[in-house]
Every structure is written in structure tokens, then in C-alpha cells.
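Peer 1: Got a structure for you, questions after.
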Amino acid sequence: MLIISLSVLSNSRSYGAEEEIANFVFGDSNVDVGNNDYIVSLAKANNVPYGIDYGGPTGRFTNGRTIVDILDLAQTLGKFGQSPPYLAPTTKGSVILKGVNYASGGAGILNETGSVFRLYNMGAKKILVTNVGVIGCIPYERKLNLCLGNQCAANPNQLAQSYNVKLKSLLTELNNNLKGSNFVYGDTYGTFNEVIYHYQSYGFENVNSPCCSNNPWDKSGSLLLCSPSASVCCDRSKYAFWDPFHPTEATNMIIAKRLIDGNISYISPINIRQLLNS
């Protein structure tokens, strides 16, 4: 599942003071920046080769940066800094006021739904919510359905599409009913689907199997995440998926760029740049 709730919180202005922009993130392992390092969970990314292109493992479930890392650090935005994991010992006091990442591997949709309403009631009016991605195309699902060959699993994708239609409708309703709100819908499904079916135009060579592969993946069908003994592809930029569940930094970069400057085919009714300047 790929779902991100990214909230941009504008603090109240005081006379002569500049507007404060804070970035609060809720989601699952696709945007976890290390929260799972501090909880009891089977979902961990604190071992090599995770973070191989990020200076080492940090709890991010990819080889490098997550989507929100790229959004946070985008020099073209220049509005806010990188959001630290909420559970990190150093995330306290004034640090929290500048934005926090609450995302956790294994988190569910219902948790994020409540978070969005709480943020709105606390003053957050600019909120980006991305839909569920092409879960039927992740290597995990392909391995469960070997008879599909290079095709994606239809049922998971149909469920995702059904949910996404209702999510978009809900956000439109919230924009109409919550005074001053600006909910933006990011179509992660559409972007990733485009990458899967037109991968060569994006510079990818492999969109079916993970770059990081435990040996049993290829022999006995094991679906474990990347272990320290796993084999890793030489060029991560040629793979859409890092492990059986998560995209590579290269894929995250494509999605992030579409969220920042994409047209209404990828993010609506406005993109992140327009949202921040509104």
C-alpha cells in the first residue's frame, strides 16, 4: 500500500512576523524516515543494504530518499526543512513546531484519516493526500501470482482503484464543507502505473523484480525484505522497486516531481508549488 498524508501547516501570523511553514507527515513504510526503529515491529529497515545510497540505514525502506525527503529538500520550494521521525529522542520541544514525520511501516488508512481532521482543527488548511498505489504490481504480488508472468495482479489494483475513486470524492467534499481548507489529491497510482507500463521512457530496465533480493526470493519464493546477506543490483537507477514492497529512490523522484509541478492528470486541483503559494 502506498498512501501519504502530507500536511503543510501555516501558523498564525503576528504583526511584522513571517509566516511559519511546518510539514507534518502521516503514512506507511513508503514515507517512514525511521519511526519503526523505535517501536517493536517486524517491519524494520535499520540494516544494510537499506540506505545504501543515503550513507547507511536510517529506517527508510528504500535505497535512498523517500518521497517526502525529496519534497522536504526540494530547493525549488525552499519553504521547509526535512521532517524528523516523531519517535526520535531529539524530536522534542521547538523541533516539533517545524514539522514532524509520524509515518510508520505497517500503518493503516484509518490512523491517517483521523490525523487529517485533527490537523485541520489545529489550523492546518493546506493538506496533500496521495492515493493508494499500484499494489498489484509490486514484486510481492507478482511473486504470489507466478502465472501472471510480467502482468500485474488485477484484484489488488481493482481494489486500489475503487478506494481511490472514493478518496478523491471525499477530498472534494471536504474542500466544500471545511471552511478555508485546501485538500489536494495526489494520484500516485496513475504516476506509478505510467512508470510500470512505459518504464523504458523513464530510464528503467526492470519493473518486475526488486533490486535488493534475498537469495530465497529467486529459489524458494521467500518474500522476506532485504537482509544483510541479500544481493543488490549494481545500478539502482535502472530498477523501479528496491525490495518486494517499496520503490527505489529513482521512482520516488519521479513521483515527487509530479506532486511538486505536475498538472491535473497527476495532482489536483493544484500542485504542491501552487498549494504553498496560495
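In the C-alpha cells, each chain is lettered A, B, ... as it comes, each chain's residues begin at 1, and ligands are numbered from 1 in order of appearance.
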List the spatial neighbours of segment 247-259 of chain A as number ranges by chain - criterion: any atom at most 8 Å away, only C-alpha atoms, same-chain residues fewer than 4 positions off excluded.
Peer 2: A: 30, 62-68, 70-71, 186, 188, 191-192, 236-237, 239-243, 263, 266-267, 271-272
Peer 1: Based on the selection just made, write C-alpha atoms of those residues as an mmCIF file, in the first residue's frame.
Peer 2:
data_model
loop_
_atom_site.group_PDB
_atom_site.id
_atom_site.type_symbol
_atom_site.label_atom_id
_atom_site.label_comp_id
_atom_site.auth_asym_id
_atom_site.auth_seq_id
_atom_site.Cartn_x
_atom_site.Cartn_y
_atom_site.Cartn_z
ATOM 1 C CA ASN A 30 6.841 4.256 1.961
ATOM 2 C CA THR A 62 14.468 2.165 0.291
ATOM 3 C CA ASN A 63 17.985 2.589 -1.048
ATOM 4 C CA GLY A 64 17.980 6.363 -0.670
ATOM 5 C CA ARG A 65 15.410 9.065 -0.148
ATOM 6 C CA THR A 66 11.677 8.663 0.322
ATOM 7 C CA ILE A 67 9.127 10.814 -1.476
ATOM 8 C CA VAL A 68 8.785 13.168 1.483
ATOM 9 C CA ILE A 70 12.605 14.772 -1.779
ATOM 10 C CA LEU A 71 9.649 17.081 -1.169
ATOM 11 C CA GLY A 186 -2.063 13.266 -5.440
ATOM 12 C CA THR A 188 0.358 8.169 -7.013
ATOM 13 C CA THR A 191 2.060 8.073 -11.898
ATOM 14 C CA PHE A 192 3.376 4.664 -10.848
ATOM 15 C CA ARG A 236 19.672 1.183 -8.590
ATOM 16 C CA SER A 237 18.535 3.843 -11.055
ATOM 17 C CA TYR A 239 15.092 -0.565 -11.076
ATOM 18 C CA ALA A 240 11.622 0.703 -10.176
ATOM 19 C CA PHE A 241 11.489 -1.370 -6.973
ATOM 20 C CA TRP A 242 14.061 -1.570 -4.213
ATOM 21 C CA ASP A 243 12.632 -4.522 -2.264
ATOM 22 C CA ASN A 263 -0.657 19.019 -13.986
ATOM 23 C CA TYR A 266 -1.187 13.769 -11.568
ATOM 24 C CA ILE A 267 -2.304 16.104 -8.784
ATOM 25 C CA ASN A 271 0.099 21.003 -7.339
ATOM 26 C CA ILE A 272 2.320 21.425 -4.272
#
Peer 1: Among segment 91-187 of chain A, which ones does DSSP assign to helix (DSSP H, G or I) (computed from the backbone)? Answer as a ChimeraX atom specification.
Peer 2: /A:94-97,109-121,135-137,139-144,146-148,154-177
Peer 1: Give me the residues within 6 Å of Ser181 of chain A as a list in words, counting only C-alpha atoms and dropping any in the same chain fewer than 3 places off.
Peer 2: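 What passes the distance filter is Lys125, Asn175 and Leu178 of chain A.
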Peer 1: Pick out the residues sitting within 7 Å of Val232 of chain A, and hand them over as an MDAnalysis selection string; count only C-alpha atoms, and ignore anything fewer than 6 positions along from it in its own chain.
Peer 2: chainID A and resid 211:213
Peer 1: DSSP on the backbone, strand (DSSP E) only: what residues of segment 52-254 of chain A does that give? Format it as a list in words.
Peer 2: Lys126, Ile127, Leu128, Val129, Thr130, Asn182, Phe183, Val184, Tyr185, Gly186, Cys212, Ser213, Ser231 and Val232 of chain A
Peer 1: Residues within 9 Å of Glu141 of chain A, please, as a PDB file with N, CA and C atoms, in the first residue's frame. Count only C-alpha atoms; anything in the same chain fewer than 6 positions from it doesn't count.
Peer 2:
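Output contents, as saved in part-v6.pdb:
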ATOM      1  N   ILE A 135      -0.639  -1.543  -6.071  1.00  0.00           N
ATOM      2  CA  ILE A 135      -0.189  -2.630  -5.204  1.00  0.00           C
ATOM      3  C   ILE A 135      -0.174  -3.978  -5.917  1.00  0.00           C
ATOM      4  N   CYS A 152       0.589  -7.455 -13.976  1.00  0.00           N
ATOM      5  CA  CYS A 152       0.260  -7.111 -12.590  1.00  0.00           C
ATOM      6  C   CYS A 152      -0.957  -7.906 -12.136  1.00  0.00           C
ATOM      7  N   ALA A 153      -1.088  -8.081 -10.830  1.00  0.00           N
ATOM      8  CA  ALA A 153      -2.248  -8.774 -10.265  1.00  0.00           C
ATOM      9  C   ALA A 153      -3.459  -7.851 -10.336  1.00  0.00           C
ATOM     10  N   PRO A 156      -5.848  -6.783  -6.611  1.00  0.00           N
ATOM     11  CA  PRO A 156      -5.358  -5.706  -5.738  1.00  0.00           C
ATOM     12  C   PRO A 156      -5.457  -4.331  -6.388  1.00  0.00           C
ATOM     13  N   PRO A 244      10.746  -6.124  -2.191  1.00  0.00           N
ATOM     14  CA  PRO A 244       9.472  -6.655  -2.683  1.00  0.00           C
ATOM     15  C   PRO A 244       8.278  -5.721  -2.532  1.00  0.00           C
ATOM     16  N   PHE A 245       8.405  -4.661  -1.718  1.00  0.00           N
ATOM     17  CA  PHE A 245       7.266  -3.797  -1.428  1.00  0.00           C
ATOM     18  C   PHE A 245       7.476  -2.331  -1.780  1.00  0.00           C
TER      19      PHE A 245
END
Peer 1: Measuring atom to atom with only C-alpha atoms, identify which of A:Asn164, A:Thr91, A:Ser209, A:Asn46 is nearest to Cys137 of chain A.
Peer 2: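 Ranked by minimum distance to Cys137 of chain A, first place goes to A:Ser209.
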Peer 1: Would you list the contacts of Ser268 of chain A as number ranges by chain, taking every protein, DNA or RNA residue within 7 Å and counting only C-alpha atoms, but skipping same-chain residues closer than 4 positions in sequence?
Peer 2: A: 184-186, 264
Peer 1: What does the distance from atom CA of Val48 of chain A to atom CA of Cys226 of chain A come to in Å, to one decimal?
Peer 2: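 Separating atom CA of Val48 of chain A from atom CA of Cys226 of chain A is a distance of 8.0 Å.
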